[in-house]
Each structure stands twice: as C-alpha cells, then as structure tokens.
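Trainee: Please find target-v9.txt (compact mmCIF, C-alpha atoms) on the next line:
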```txt
# COMPACT_ATOMS: atom_id res chain seq x y z
CA MET A 1 19.79 -21.32 29.18
CA THR A 2 18.79 -24.80 28.10
CA SER A 3 17.08 -25.53 24.81
CA THR A 4 14.02 -27.71 24.36
CA SER A 5 13.93 -30.54 21.81
CA THR A 6 10.94 -30.79 19.49
CA SER A 7 11.76 -34.24 18.04
CA THR A 8 9.02 -36.84 18.10
CA PRO A 9 9.23 -40.56 18.89
CA GLU A 10 7.63 -41.30 15.54
CA GLN A 11 10.52 -39.62 13.73
CA PHE A 12 13.03 -41.56 15.78
CA ALA A 13 11.27 -44.89 15.12
CA ASP A 14 11.03 -44.33 11.37
CA VAL A 15 14.73 -43.63 10.98
CA SER A 16 15.71 -46.60 13.13
CA ALA A 17 13.40 -49.02 11.36
CA THR A 18 14.94 -48.35 7.95
CA THR A 19 18.58 -48.56 9.01
CA LEU A 20 19.06 -51.46 11.42
CA LEU A 21 18.02 -55.10 11.68
CA ARG A 22 19.05 -57.41 14.49
CA PHE A 23 18.85 -61.06 13.50
CA ALA A 24 20.09 -64.40 14.74
CA THR A 25 21.09 -67.55 12.87
CA ALA A 26 20.44 -71.06 14.16
CA GLY A 27 20.85 -74.54 12.73
CA SER A 28 21.89 -78.06 13.57
CA VAL A 29 25.51 -79.15 13.37
CA ASP A 30 26.74 -79.47 9.76
CA ASP A 31 23.68 -77.77 8.29
CA GLY A 32 26.01 -75.19 6.75
CA LYS A 33 25.33 -72.24 9.02
CA SER A 34 28.93 -71.04 9.07
CA THR A 35 29.05 -71.23 5.29
CA LEU A 36 25.82 -69.24 4.99
CA VAL A 37 27.13 -66.49 7.29
CA GLY A 38 30.43 -66.45 5.42
CA ARG A 39 28.63 -66.24 2.08
CA LEU A 40 26.49 -63.34 3.32
CA LEU A 41 29.54 -61.45 4.52
CA HIS A 42 31.59 -62.22 1.39
CA ASP A 43 28.97 -61.54 -1.26
CA SER A 44 27.77 -58.37 0.46
CA LYS A 45 31.37 -57.07 0.33
CA SER A 46 31.56 -57.01 4.14
CA VAL A 47 34.85 -58.89 4.45
CA LEU A 48 38.13 -57.05 4.81
CA THR A 49 40.88 -57.89 2.33
CA ASP A 50 43.23 -59.30 4.95
CA GLN A 51 40.44 -61.50 6.32
CA LEU A 52 39.74 -62.93 2.88
CA GLU A 53 43.44 -63.49 2.22
CA ALA A 54 43.76 -65.40 5.50
CA VAL A 55 40.78 -67.59 4.58
CA GLU A 56 42.24 -68.26 1.12
CA ALA A 57 45.59 -69.23 2.62
CA ALA A 58 43.99 -71.54 5.19
CA SER A 59 41.86 -73.14 2.47
CA LEU A 60 44.92 -73.81 0.30
CA LYS A 61 46.66 -75.51 3.20
CA ARG A 62 43.68 -77.83 3.44
CA GLY A 63 43.93 -78.64 -0.24
CA GLN A 64 40.84 -76.64 -1.23
CA GLU A 65 41.00 -74.64 -4.44
CA ALA A 66 38.18 -72.26 -3.53
CA PRO A 67 38.08 -70.25 -0.28
CA ASP A 68 36.18 -72.01 2.50
CA LEU A 69 33.88 -69.19 3.57
CA ALA A 70 32.93 -71.05 6.74
CA LEU A 71 36.36 -70.09 8.08
CA LEU A 72 35.18 -66.49 8.33
CA THR A 73 33.18 -67.53 11.40
CA ASP A 74 35.14 -70.62 12.40
CA GLY A 75 37.93 -68.25 13.37
CA LEU A 76 35.74 -67.10 16.25
CA ARG A 77 35.46 -70.65 17.49
CA ALA A 78 39.24 -70.86 17.45
CA GLU A 79 39.31 -67.76 19.63
CA ARG A 80 37.13 -69.54 22.17
CA GLU A 81 39.51 -72.50 22.18
CA GLN A 82 42.32 -70.08 23.00
CA GLY A 83 40.51 -68.97 26.13
CA ILE A 84 38.18 -66.19 25.00
CA THR A 85 34.69 -66.88 26.33
CA ILE A 86 32.11 -65.94 23.71
CA ASP A 87 28.70 -67.55 24.02
CA VAL A 88 27.37 -65.86 20.88
CA ALA A 89 29.53 -64.44 18.09
CA TYR A 90 28.27 -61.08 16.86
CA ARG A 91 28.99 -59.81 13.37
CA TYR A 92 28.27 -56.31 12.08
CA PHE A 93 27.84 -55.58 8.39
CA ALA A 94 25.93 -53.22 6.15
CA THR A 95 24.51 -52.79 2.67
CA PRO A 96 23.32 -49.56 1.06
CA ARG A 97 19.79 -50.40 2.20
CA ARG A 98 20.25 -51.44 5.83
CA ARG A 99 22.70 -52.07 8.68
CA PHE A 100 22.78 -55.47 10.38
CA ILE A 101 23.75 -56.93 13.72
CA LEU A 102 24.08 -60.69 13.32
CA ALA A 103 24.11 -63.03 16.32
CA ASP A 104 25.71 -66.28 15.18
CA THR A 105 24.62 -68.97 17.64
CA PRO A 106 26.12 -72.46 18.09
CA GLY A 107 24.26 -75.36 16.50
CA HIS A 108 24.76 -78.31 18.84
CA VAL A 109 21.80 -79.37 20.99
CA GLN A 110 23.79 -78.77 24.19
CA TYR A 111 24.09 -75.09 23.25
CA THR A 112 20.38 -74.35 22.80
CA ARG A 113 20.75 -71.93 25.72
CA ASN A 114 23.12 -69.86 23.61
CA MET A 115 20.39 -69.31 21.05
CA VAL A 116 18.28 -67.76 23.80
CA THR A 117 21.03 -65.20 24.34
CA GLY A 118 21.40 -64.43 20.65
CA ALA A 119 17.69 -64.30 19.81
CA SER A 120 16.55 -62.39 22.88
CA THR A 121 16.99 -59.03 21.13
CA ALA A 122 16.49 -60.23 17.54
CA GLU A 123 13.68 -59.11 15.26
CA LEU A 124 14.33 -62.00 12.87
CA ALA A 125 15.71 -65.53 13.14
CA VAL A 126 17.21 -67.54 10.28
CA VAL A 127 16.72 -71.28 10.93
CA LEU A 128 18.87 -73.47 8.70
CA VAL A 129 17.83 -76.94 7.55
CA ASP A 130 19.84 -79.48 5.53
CA ALA A 131 17.70 -80.38 2.51
CA ARG A 132 18.86 -83.99 2.80
CA ASN A 133 17.75 -84.36 6.42
CA GLY A 134 14.69 -82.14 6.57
CA VAL A 135 13.17 -80.94 9.83
CA VAL A 136 14.94 -82.60 12.78
CA GLU A 137 14.53 -82.27 16.54
CA GLN A 138 17.00 -79.40 16.76
CA THR A 139 15.06 -77.56 14.04
CA ARG A 140 11.91 -77.84 16.14
CA ARG A 141 13.86 -76.72 19.19
CA HIS A 142 15.06 -73.60 17.40
CA ALA A 143 11.53 -72.82 16.20
CA ALA A 144 10.23 -73.21 19.75
CA VAL A 145 12.88 -70.88 21.15
CA ALA A 146 12.06 -68.28 18.49
CA ALA A 147 8.37 -68.57 19.38
CA LEU A 148 9.04 -68.33 23.12
CA LEU A 149 11.13 -65.20 22.62
CA ARG A 150 8.40 -63.69 20.41
CA VAL A 151 10.76 -63.18 17.46
CA PRO A 152 8.36 -61.64 14.92
CA HIS A 153 9.98 -62.94 11.72
CA VAL A 154 11.44 -66.39 11.01
CA VAL A 155 13.27 -67.39 7.83
CA LEU A 156 13.53 -71.09 7.00
CA ALA A 157 16.67 -71.46 4.88
CA VAL A 158 16.61 -74.90 3.24
CA ASN A 159 20.31 -75.35 2.54
CA LYS A 160 22.34 -77.73 0.36
CA MET A 161 19.74 -77.76 -2.39
CA ASP A 162 22.61 -78.56 -4.78
CA LEU A 163 22.91 -81.97 -3.09
CA VAL A 164 19.29 -82.85 -3.87
CA ASP A 165 19.48 -81.70 -7.50
CA TYR A 166 17.63 -78.47 -6.71
CA ALA A 167 14.39 -80.47 -6.50
CA GLU A 168 11.34 -78.34 -5.80
CA PRO A 169 9.32 -81.19 -4.15
CA VAL A 170 12.07 -81.63 -1.53
CA PHE A 171 11.94 -77.94 -0.66
CA ALA A 172 8.14 -77.83 -0.66
CA ALA A 173 7.81 -80.78 1.73
CA ILE A 174 10.31 -79.32 4.22
CA ALA A 175 8.73 -75.86 4.04
CA GLU A 176 5.25 -77.28 4.66
CA GLU A 177 6.35 -79.37 7.65
CA PHE A 178 8.24 -76.52 9.29
CA THR A 179 5.53 -73.94 8.61
CA THR A 180 2.87 -76.17 10.15
CA TYR A 181 4.94 -76.74 13.28
CA ALA A 182 6.00 -73.10 13.71
CA SER A 183 2.46 -71.85 13.12
CA GLU A 184 1.20 -74.09 15.93
CA LEU A 185 3.69 -72.32 18.19
CA GLY A 186 2.31 -68.94 17.16
CA VAL A 187 5.21 -67.70 15.02
CA PRO A 188 3.54 -64.80 13.17
CA GLU A 189 5.55 -64.80 9.92
CA ILE A 190 7.53 -67.59 8.25
CA THR A 191 9.45 -67.18 4.98
CA ALA A 192 10.98 -70.28 3.35
CA ILE A 193 13.92 -69.83 0.95
CA PRO A 194 15.77 -72.62 -0.91
CA ILE A 195 19.51 -71.99 -0.93
CA SER A 196 22.95 -73.43 -1.45
CA ALA A 197 25.31 -71.52 0.81
CA LEU A 198 28.34 -73.25 -0.71
CA ALA A 199 27.42 -72.37 -4.30
CA GLY A 200 25.81 -69.05 -3.45
CA ASP A 201 22.33 -69.90 -4.75
CA ASN A 202 19.69 -67.48 -3.43
CA VAL A 203 21.92 -66.14 -0.67
CA VAL A 204 22.80 -62.77 -2.16
CA GLU A 205 22.26 -63.42 -5.87
CA PRO A 206 19.22 -65.24 -7.37
CA SER A 207 19.85 -68.83 -8.38
CA ALA A 208 19.96 -69.88 -12.02
CA ASN A 209 19.37 -73.46 -10.87
CA MET A 210 15.99 -72.91 -9.25
CA ASP A 211 13.86 -71.04 -11.76
CA TRP A 212 10.79 -72.53 -10.05
CA TYR A 213 11.43 -70.25 -7.07
CA GLY A 214 10.24 -66.67 -7.49
CA GLY A 215 10.77 -65.29 -3.98
CA PRO A 216 13.52 -63.10 -2.53
CA THR A 217 17.09 -64.11 -1.79
CA VAL A 218 18.16 -64.26 1.84
CA LEU A 219 19.85 -60.84 1.70
CA GLU A 220 16.96 -59.26 -0.19
CA HIS A 221 14.54 -60.45 2.48
CA LEU A 222 16.82 -59.19 5.25
CA GLU A 223 17.00 -55.80 3.54
CA THR A 224 13.26 -55.43 3.01
CA VAL A 225 11.51 -57.20 5.88
CA PRO A 226 9.41 -54.63 7.76
CA VAL A 227 10.84 -54.28 11.24
CA SER A 228 9.43 -51.87 13.77
CA HIS A 229 11.69 -50.41 16.43
CA ASP A 230 8.83 -48.23 17.62
CA LEU A 231 8.81 -49.09 21.32
CA THR A 232 6.65 -46.02 21.93
CA ALA A 233 3.56 -48.09 21.16
CA CYS A 234 4.28 -50.24 24.23
CA HIS A 235 3.27 -49.48 27.81
CA ALA A 236 5.59 -46.75 29.10
CA ARG A 237 8.12 -48.06 31.62
CA PHE A 238 11.18 -46.39 33.18
CA PRO A 239 13.37 -48.50 35.49
CA VAL A 240 15.41 -46.25 37.77
CA GLN A 241 19.10 -47.02 37.54
CA TYR A 242 20.66 -44.21 39.57
CA VAL A 243 19.55 -41.28 41.72
CA ILE A 244 21.39 -38.04 40.93
CA ARG A 245 21.76 -35.55 43.79
CA PRO A 246 24.72 -33.17 43.19
CA GLN A 247 24.05 -31.11 46.38
CA THR A 248 26.27 -28.34 45.06
CA ALA A 249 25.92 -24.59 45.34
CA GLU A 250 24.77 -24.49 41.72
CA HIS A 251 22.24 -27.32 42.17
CA PRO A 252 21.41 -27.48 45.89
CA ASP A 253 17.98 -29.13 45.49
CA TYR A 254 18.43 -31.12 42.28
CA ARG A 255 17.07 -34.66 42.46
CA GLY A 256 16.89 -36.65 39.25
CA TYR A 257 16.27 -40.28 38.45
CA ALA A 258 18.51 -41.61 35.70
CA GLY A 259 18.04 -44.67 33.52
CA GLN A 260 17.03 -45.98 30.13
CA ILE A 261 13.39 -45.88 29.08
CA ALA A 262 12.47 -49.52 28.54
CA ALA A 263 9.30 -48.86 26.54
CA GLY A 264 6.85 -46.13 25.64
CA ALA A 265 7.23 -42.38 26.00
CA PHE A 266 7.21 -39.94 28.91
CA ARG A 267 6.15 -36.29 28.80
CA VAL A 268 6.62 -33.32 31.11
CA GLY A 269 3.47 -32.75 33.14
CA GLU A 270 2.42 -36.41 32.98
CA PRO A 271 1.24 -38.06 36.23
CA VAL A 272 3.35 -41.12 37.10
CA THR A 273 3.25 -43.87 39.68
CA VAL A 274 6.35 -45.17 41.44
CA LEU A 275 6.39 -48.95 41.83
CA PRO A 276 6.37 -51.00 43.93
CA SER A 277 5.53 -48.32 46.55
CA GLY A 278 2.51 -47.03 44.58
CA ARG A 279 3.26 -43.38 45.35
CA THR A 280 2.28 -40.84 42.70
CA SER A 281 3.79 -37.63 41.39
CA THR A 282 4.09 -35.58 38.20
CA ILE A 283 7.02 -35.25 35.81
CA ALA A 284 8.53 -31.82 36.37
CA GLY A 285 11.31 -32.12 33.79
CA ILE A 286 13.26 -34.48 31.55
CA ASP A 287 16.98 -34.03 30.89
CA ALA A 288 18.57 -35.76 27.88
CA LEU A 289 22.13 -35.20 26.67
CA GLY A 290 22.46 -31.98 28.63
CA GLU A 291 19.20 -30.51 27.34
CA SER A 292 15.74 -30.17 28.82
CA VAL A 293 13.17 -31.87 26.62
CA ASP A 294 9.39 -32.07 26.69
CA ILE A 295 9.21 -35.71 25.70
CA ALA A 296 11.48 -38.76 25.75
CA TRP A 297 10.94 -42.27 24.43
CA ALA A 298 12.49 -45.72 24.40
CA PRO A 299 15.35 -46.55 24.22
CA GLN A 300 16.68 -43.12 25.23
CA SER A 301 18.73 -42.71 28.39
CA VAL A 302 17.44 -39.73 30.35
CA THR A 303 17.07 -38.19 33.78
CA ILE A 304 13.52 -37.61 35.00
CA ARG A 305 12.67 -35.02 37.66
CA LEU A 306 9.43 -35.11 39.66
CA THR A 307 7.41 -32.38 41.36
CA ASP A 308 7.37 -34.26 44.69
CA ASP A 309 10.31 -35.22 46.87
CA ILE A 310 9.51 -38.88 47.47
CA ASP A 311 11.63 -41.91 48.30
CA ILE A 312 12.84 -43.50 45.04
CA SER A 313 15.90 -45.68 44.58
CA ARG A 314 17.55 -47.99 42.09
CA GLY A 315 15.18 -50.78 41.07
CA ASP A 316 12.01 -48.71 41.33
CA LEU A 317 9.89 -48.33 38.20
CA LEU A 318 8.10 -45.24 36.91
CA ALA A 319 4.94 -45.76 34.85
CA PRO A 320 2.05 -43.53 33.75
CA SER A 321 -0.52 -43.47 36.55
CA GLY A 322 -3.27 -44.54 34.16
CA ASP A 323 -1.24 -47.46 32.78
CA ALA A 324 0.79 -48.82 35.67
CA PRO A 325 1.37 -52.58 35.88
CA ALA A 326 0.12 -54.55 38.87
CA THR A 327 2.75 -55.65 41.36
CA THR A 328 3.06 -59.24 42.48
CA GLN A 329 5.21 -61.56 44.55
CA ASP A 330 4.01 -64.67 42.71
CA VAL A 331 5.64 -65.02 39.30
CA GLU A 332 4.58 -67.68 36.79
CA ALA A 333 6.81 -67.89 33.75
CA THR A 334 8.39 -70.04 31.11
CA VAL A 335 12.14 -70.34 31.58
CA CYS A 336 15.04 -71.68 29.58
CA HIS A 337 17.57 -73.19 31.97
CA VAL A 338 21.07 -72.10 30.99
CA ALA A 339 23.30 -73.28 33.85
CA ASP A 340 25.09 -76.60 34.22
CA GLN A 341 23.70 -77.14 37.71
CA PRO A 342 19.96 -77.99 37.82
CA LEU A 343 17.14 -75.71 38.96
CA THR A 344 15.13 -77.48 41.69
CA VAL A 345 11.92 -76.96 43.64
CA GLY A 346 12.64 -75.12 46.88
CA GLN A 347 15.85 -73.56 45.57
CA ARG A 348 16.67 -70.06 46.79
CA VAL A 349 17.59 -67.70 43.97
CA LEU A 350 17.89 -64.05 43.07
CA LEU A 351 15.45 -62.69 40.50
CA LYS A 352 16.76 -59.80 38.39
CA HIS A 353 14.09 -57.78 36.60
CA THR A 354 15.26 -54.62 34.79
CA THR A 355 17.33 -52.78 37.43
CA ARG A 356 15.71 -54.54 40.40
CA THR A 357 17.14 -57.67 42.06
CA VAL A 358 15.18 -59.45 44.79
CA LYS A 359 15.42 -62.69 46.75
CA ALA A 360 13.11 -65.49 45.64
CA ILE A 361 12.26 -69.16 46.07
CA VAL A 362 11.32 -71.62 43.33
CA LYS A 363 7.96 -72.88 44.63
CA GLU A 364 7.01 -75.18 41.77
CA ILE A 365 8.16 -76.56 38.45
CA PRO A 366 4.78 -77.68 37.09
CA SER A 367 6.03 -78.97 33.74
CA ARG A 368 8.89 -79.38 31.30
CA LEU A 369 8.33 -78.90 27.59
CA THR A 370 9.08 -81.77 25.20
CA LEU A 371 9.90 -80.07 21.92
CA ASP A 372 9.46 -82.97 19.52
CA ASP A 373 5.68 -83.06 20.02
CA LEU A 374 5.10 -79.98 22.24
CA SER A 375 3.83 -82.19 25.05
CA GLN A 376 4.30 -81.25 28.70
CA HIS A 377 6.07 -83.56 31.15
CA PRO A 378 4.35 -82.83 34.49
CA GLU A 379 6.19 -82.28 37.76
CA PRO A 380 9.76 -82.96 36.58
CA GLY A 381 11.14 -81.82 39.93
CA GLN A 382 14.03 -80.00 38.30
CA LEU A 383 15.24 -78.41 35.08
CA VAL A 384 18.69 -79.14 33.68
CA ALA A 385 20.77 -77.31 31.09
CA ASN A 386 18.80 -76.43 27.94
CA ASP A 387 15.47 -77.52 29.43
CA ILE A 388 12.47 -75.29 28.84
CA GLY A 389 9.77 -75.42 31.48
CA LEU A 390 7.11 -73.67 33.48
CA VAL A 391 8.08 -72.36 36.94
CA ARG A 392 6.33 -70.59 39.79
CA VAL A 393 8.51 -68.31 41.90
CA ARG A 394 7.73 -66.43 45.10
CA THR A 395 9.68 -63.21 45.59
CA ALA A 396 10.56 -61.49 48.85
CA GLU A 397 9.45 -58.10 47.51
CA PRO A 398 6.76 -57.07 44.99
CA LEU A 399 7.72 -56.76 41.33
CA ALA A 400 6.12 -54.65 38.59
CA LEU A 401 6.33 -57.36 35.95
CA ASP A 402 4.60 -57.14 32.56
CA SER A 403 3.61 -60.11 30.45
CA TYR A 404 6.40 -61.00 28.01
CA ALA A 405 3.79 -60.96 25.23
CA ASP A 406 3.24 -57.26 25.95
CA SER A 407 6.87 -56.25 26.46
CA ARG A 408 10.04 -58.23 25.79
CA ARG A 409 11.95 -55.70 27.93
CA THR A 410 9.85 -55.59 31.10
CA GLY A 411 8.35 -59.08 30.79
CA SER A 412 11.71 -60.86 31.00
CA PHE A 413 13.95 -61.65 33.96
CA LEU A 414 16.92 -63.74 35.08
CA LEU A 415 17.20 -66.25 37.89
CA ILE A 416 20.63 -66.04 39.52
CA ASP A 417 22.51 -68.25 41.97
CA PRO A 418 22.98 -66.06 45.09
CA ALA A 419 26.13 -67.98 46.06
CA ASP A 420 28.30 -67.18 43.05
CA GLY A 421 26.24 -64.96 40.72
CA THR A 422 25.83 -67.62 38.04
CA THR A 423 22.87 -67.07 35.73
CA LEU A 424 20.56 -70.06 36.15
CA ALA A 425 17.64 -69.36 33.83
CA ALA A 426 16.16 -66.78 31.48
CA GLY A 427 12.48 -66.21 32.20
CA MET A 428 9.51 -64.94 30.19
CA ALA A 429 6.49 -63.99 32.28
CA GLY A 430 2.98 -65.01 31.31
CA ASP A 431 1.83 -67.36 28.55
CA SER A 432 4.65 -69.22 26.86
CA PHE A 433 3.48 -69.42 23.26
CA ALA A 434 1.22 -67.09 21.29
CA THR A 435 -0.97 -70.13 20.59
CA ALA A 436 -1.81 -71.74 23.91
CA LYS A 437 -0.91 -75.41 24.37
CA ALA A 438 -2.42 -77.76 26.92
CA VAL A 439 -0.36 -78.05 30.08
CA VAL A 440 -0.82 -80.78 32.65
CA VAL A 441 0.06 -79.50 36.11
CA ALA A 442 -0.35 -80.73 39.67
CA ASP A 443 -2.16 -78.99 42.49
CA THR A 444 -0.49 -75.98 44.08
CA ALA A 445 2.03 -76.97 46.74
CA ASP A 446 1.47 -76.14 50.38
CA ASP A 447 3.10 -72.88 51.45
CA GLU A 448 4.04 -74.21 54.90
CA GLY A 449 7.71 -73.71 55.64
CA TRP A 450 8.33 -70.88 53.16
CA ASP A 451 10.04 -67.78 54.45
CA PHE A 452 7.88 -65.37 52.44
```
Represent the structure contained in this file as structure tokens.
Mentor:
Amino acid sequence: MTSTSTSTPEQFADVSATTLLRFATAGSVDDGKSTLVGRLLHDSKSVLTDQLEAVEAASLKRGQEAPDLALLTDGLRAEREQGITIDVAYRYFATPRRRFILADTPGHVQYTRNMVTGASTAELAVVLVDARNGVVEQTRRHAAVAALLRVPHVVLAVNKMDLVDYAEPVFAAIAEEFTTYASELGVPEITAIPISALAGDNVVEPSANMDWYGGPTVLEHLETVPVSHDLTACHARFPVQYVIRPQTAEHPDYRGYAGQIAAGAFRVGEPVTVLPSGRTSTIAGIDALGESVDIAWAPQSVTIRLTDDIDISRGDLLAPSGDAPATTQDVEATVCHVADQPLTVGQRVLLKHTTRTVKAIVKEIPSRLTLDDLSQHPEPGQLVANDIGLVRVRTAEPLALDSYADSRRTGSFLLIDPADGTTLAAGMAGDSFATAKAVVVADTADDEGWDF
C-alpha cells in the first residue's frame, strides 16, 4: 500500500531559499577575480589544508612571502591546459548561514559566451571592476549578459581600492556610472561594494580603511540577499522525458510520463493539455520516489499518470488546461552566439527546447547588439562568436515556448549544428531586456524557397 505525501511546495521553497545560493563571478582580465574567489574561499574557511599548503609552496617558489590566493582557482586553468575541457569552473562552499554554488567564469572578451553558461542558472552575479580603470567595455558586456539572462541580483565589486588610497569619490563615480548603465538594461537590483581582494577589505571582514562605507561585505551580502527558489509561482510546465510502460503481470496497463517539473505545481485531478497536439486529459496520479502523492512541484522529478490513454512521447509538454502556452513555429529571440563558426541567415539548425528537439531554419538576423552604447546594428547577415543579436527562426514543428521573462526554464533554447551536434547559440525567447530598447530592423524576408 502506497503512502500519500502531504508536503507543500511552499515548505519546499522556504527551506531551499535559506540554504542555497547560485552565483556567478565575472570581470575583465586582471581585475582580480581569481584573487576575490580565493579570498572568499580562504576567509570563509572553505579551503582544505592540503590545498592551502600547495598554494603556499607555489607562492614561495615565486618569491612571494604571502600565499597567492588566486592560485586556488588558477589551478583549474592549469587543468584545462592539461587537456581537461572546463568552460566554467564551479566551486562549492558553505557558511553556517547558507550553501553556495559558485560559477567562476573567464574574464577575457573572447570568452563572454562562457559567462552565459555560468550565469544561466545564477540568482546573483558579481561583476568585478578595477578601481583604477573604472567601467570598461567588458564590464558593460557582463552587465548586459546578466540583464539578458534575467539575473535578479547584481553585485558591483569595485576592487583594488588599496591602489587608489581607498578614495570614496573614486568608488562613488564608478558605482554611479555602472548603476545608471545596468538600470537602463532593466537589472532590478544593484549593490556596489568597495573591496580589496588582495588585502581582504570588505570581502569577508569589514575594512578598517574605508570607514566611509557602511554597507555589507561581499560574503555578508551573499549570505543575506533574498533569493526565491519558489518556482511554483511560475506557469506550470512538465516536459515529458520518458514514457514508462512496464507491461508486466503486476502492472499490465501502467502508462506513466516521467520527467522533471520545469515550473509550477501539478495536482491529482487537475485538467491538463498535452502540447503541441492540444489534446486534453486529467491527472489520475503522481508518483514521486516510489510514493503516490497528491501534489508535485518544480524542480521535482516525477511520473504523471493520466485518465486517458492518449499518444504522448518524449518532447511533449503537459500544462494546466487553463494556463497552457500558445504553440508557434515562428520563434523570435535574443541569442548569444557561442560557436566558433558563424550563424548565418538561411542556415539549417536543430532547436532544442526542454526535452524537444526539432529542425529549424534561421530566417532572419534583424540586428546585432553593440554593447558599448546599446545600439543595434541592423541586418548584420551573421553572428560570430560572442555576438548577441536578434534572430527569427522557423521550426518544422510547433513549439510550446514561453517568454524568457516569464520562465527562464521554458523560455530558453539552444540552436545546434545538425551535422556534428555543436551548440551554436543560446536563445532567450521574447523581449531581450526588461527595459525595451529601440531596435532598427528591416522588412520581413520573403518566405519563397523555405521548406516549412
């Protein structure tokens, strides 16, 4: 006899929100990002003894008296040089107040695409700026990527304050310039913190050199920033990953649809619509971890059973009948191009959305974003590595695609090279920034000659 769970999604969300924060770091080359990450790990007592001893030994060989904390992350770069492919280095650490998953992204302009990977699941982004250089093009690029990915919290860490004599006017000018720019992009919350990662000022411990600053340290802000993991407030979506049909003597008629709930909550007895077919049914049961439950919510992995025996396969999407997304074959989205080969008009691609992969054609590339002034370069013809631009894609089959502003899970997709499986671009459906910017585009191209 199976038991029935009485847990609620609200209880699940509350526990998760107080225990885990996913955040990404970004900064230009030589802004001190590796040192900041090393300082966070060291001062929060998240470094193993043998790791610290190795850093101390390497620092002594270089003639440095104090440990070079940047080596705590530079070791990962050495691993890449030895043949281990790691686009983004992930670090896990914890304090008594919260657990953290840190995505440490490369700083060079040619690796902007790597920040997209690291920040795609982040609730907070730390953007580093050298106090001597101020806001540079790469800083604006990182702010734009954070805005595109709808990262709800951004920290501006003005580093190397010790090299500008801890001058408040220097910090204030940089903070004002960055805040103005990021606000224009629609970044909802920006927190500026003056730090010296090398000396440890305002990273974990408050600085004695900047008594004019009364805000939190970097770690204190990371520990206390309100982060909601409550995906139950989003539109309920369940991409089908696998159809379970044991066809055994014990379960001769069992048919379940397994997958991970992308957003929202599903309840037994709730009417649902299967997309893209549009057929409707009712949830007869939900199985989670070997138990029958009355309700399940994101991001739980479950098996859903329906009252009707209808044709459902991998790639289909279940949604509440009263809140089902519209299906479309014409996708307009902002994409970050991540491949070395360009993305061109007329190119045939695969579009992967949740568990569904369909054939598609790039119909138009109306514009490419210029990040220094947020202007749009019309009709570029192609996007190359690290470009961010607007694309229009026609798919061979309908997709149940949400706006990225409504759901980061079901509003995102990948464009893939059908020849070798290379990921070409990461896409975000709908409006690009929370604050709309003017876009100059050409007339819609003629559909003559397209296969679908």
Trainee: Excluding Arg409 (chain A) and residues on its chain fewer than 2 positions from it, collect all residues at most 12 Å away from it, counting all atoms listed in the file, and give them as a PyMOL selection string.
Mentor: chain A and resi 120-121+149-150+231+234-239+260-264+298-299+353-355+401-407+411-414+427-429
Trainee: Show me as a PyMOL selection string the residues that reach within 7 Å of (16.4, -66.6, 41.4), counting only C-alpha atoms and using the file's own coordinates.
Mentor: chain A and resi 348-351+359-361+414-417
Trainee: Tell me which of A:Val37, A:Gln341, A:Gly134, A:Ala157 sits closest to Ala89 (chain A), counting only C-alpha atoms.
Mentor: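 Among the listed residues, the smallest separation from Ala89 (chain A) belongs to A:Val37.
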Trainee: Check the smallest atom-to-atom distance from each of A:Ala319, A:Ala147, A:Val274, A:Ile304 to Ile286 (chain A) using all atoms listed in the file, then report the winner.
Mentor: A:Ile304
Trainee: Find, counting all atoms listed in the file, the residue in A:Ala119, A:Leu163, A:Leu20, A:Val293 that gets nearest to Leu148 (chain A).
Mentor: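 Among the listed residues, A:Ala119 lies closest to Leu148 (chain A).
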Trainee: Taking all atoms of region 168-174 of chain A that appear in the file, build a box with edges along x, y and z, extend it by 6 Å on every side, and state its centre and edge lengths in Å to one decimal, as AutoDock Vina command-line options.
Mentor:
```
--center_x 9.9 --center_y -79.7 --center_z -0.8 --size_x 16.3 --size_y 15.8 --size_z 22.0
```
Trainee: Of the candidates A:Ile365, A:Leu399, A:Leu318, A:Ala258, which shows the shortest atom-to-atom distance to Thr303 (chain A), using only C-alpha atoms?
Mentor: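 Of the candidates, the smallest distance to Thr303 (chain A) is held by A:Ala258.
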Trainee: Using all atoms listed in the file, which residue out of A:Val225, A:Val218, A:Val158, A:Val338 lies closest to Thr422 (chain A)?
Mentor: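 Once distances to Thr422 (chain A) are computed over all atoms listed in the file, the minimum belongs to A:Val338.
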Trainee: Just checking: using all atoms listed in the file, which residue out of A:Pro320, A:Pro206, A:Gly285, A:Gly315 ends up closest to Ala265 (chain A)?
Mentor: A:Pro320
Trainee: I want to know what sits within 10 Å of Arg140 (chain A), based on all atoms listed in the file, with residues of the same chain fewer than 3 positions away left out; could you give that as a list in words?
Mentor: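 Counting only the stated atoms, we get Val127, Val135, Val136, Glu137, Ala143, Ala144, Val145, Ala146, Phe178, Tyr181, Ala182, Leu371, Asp372, Asp373 and Leu374 of chain A.
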Trainee: Between CA of Pro380 (chain A) and CA of Thr328 (chain A), measure the distance and give it in Å to one decimal.
Mentor: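 Computing the Euclidean distance for CA of Pro380 (chain A) and CA of Thr328 (chain A) yields 25.3 Å.
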Trainee: Which polymer residues have any atom within 7 Å of an atom of Ile101 (chain A), counting all atoms listed in the file, with same-chain residues fewer than 2 positions away left out, as a PyMOL selection string?
Mentor: chain A and resi 21-23+90-93+103
Trainee: I'd like the contact shell of region 192-198 of chain A - 10 Å cut-off, only C-alpha atoms, skipping same-chain residues fewer than 6 positions apart - returned as a PyMOL selection string.
Mentor: chain A and resi 31-40+68-70+126-131+154-163+166-168+170-172+174-176+178-179+204+206-207+210+213-218+221
Trainee: What does the structure give for the distance between CA of Arg394 (chain A) and CA of Gly186 (chain A), in Å to one decimal?
Mentor: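 Going from CA of Arg394 (chain A) over to CA of Gly186 (chain A), I get 28.6 Å.
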Trainee: Can you pull out every residue within 8 Å of region 241-247 of chain A, counting all atoms listed in the file, but drop anything in the same chain fewer than 3 positions away, and send it as a short mmCIF file (atom, residue, chain, number, x, y, z; two decimals) with C-alpha atoms, in the coordinates of the input?
Mentor:
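Contents of around-v4.cif, as written:
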```
data_model
loop_
_atom_site.label_atom_id
_atom_site.label_comp_id
_atom_site.auth_asym_id
_atom_site.auth_seq_id
_atom_site.Cartn_x
_atom_site.Cartn_y
_atom_site.Cartn_z
CA HIS A 251 22.24 -27.32 42.17
CA PRO A 252 21.41 -27.48 45.89
CA ASP A 253 17.98 -29.13 45.49
CA TYR A 254 18.43 -31.12 42.28
CA ARG A 255 17.07 -34.66 42.46
CA GLY A 256 16.89 -36.65 39.25
CA TYR A 257 16.27 -40.28 38.45
CA ALA A 258 18.51 -41.61 35.70
CA GLY A 259 18.04 -44.67 33.52
CA GLN A 260 17.03 -45.98 30.13
CA ILE A 312 12.84 -43.50 45.04
CA SER A 313 15.90 -45.68 44.58
CA ARG A 314 17.55 -47.99 42.09
CA GLY A 315 15.18 -50.78 41.07
CA THR A 355 17.33 -52.78 37.43
#
```
Trainee: Measure the distance from CA of Val240 (chain A) to CA of Ala122 (chain A) in Å and round it to one decimal.
Mentor: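 Interatomic distance here is 24.6 Å.
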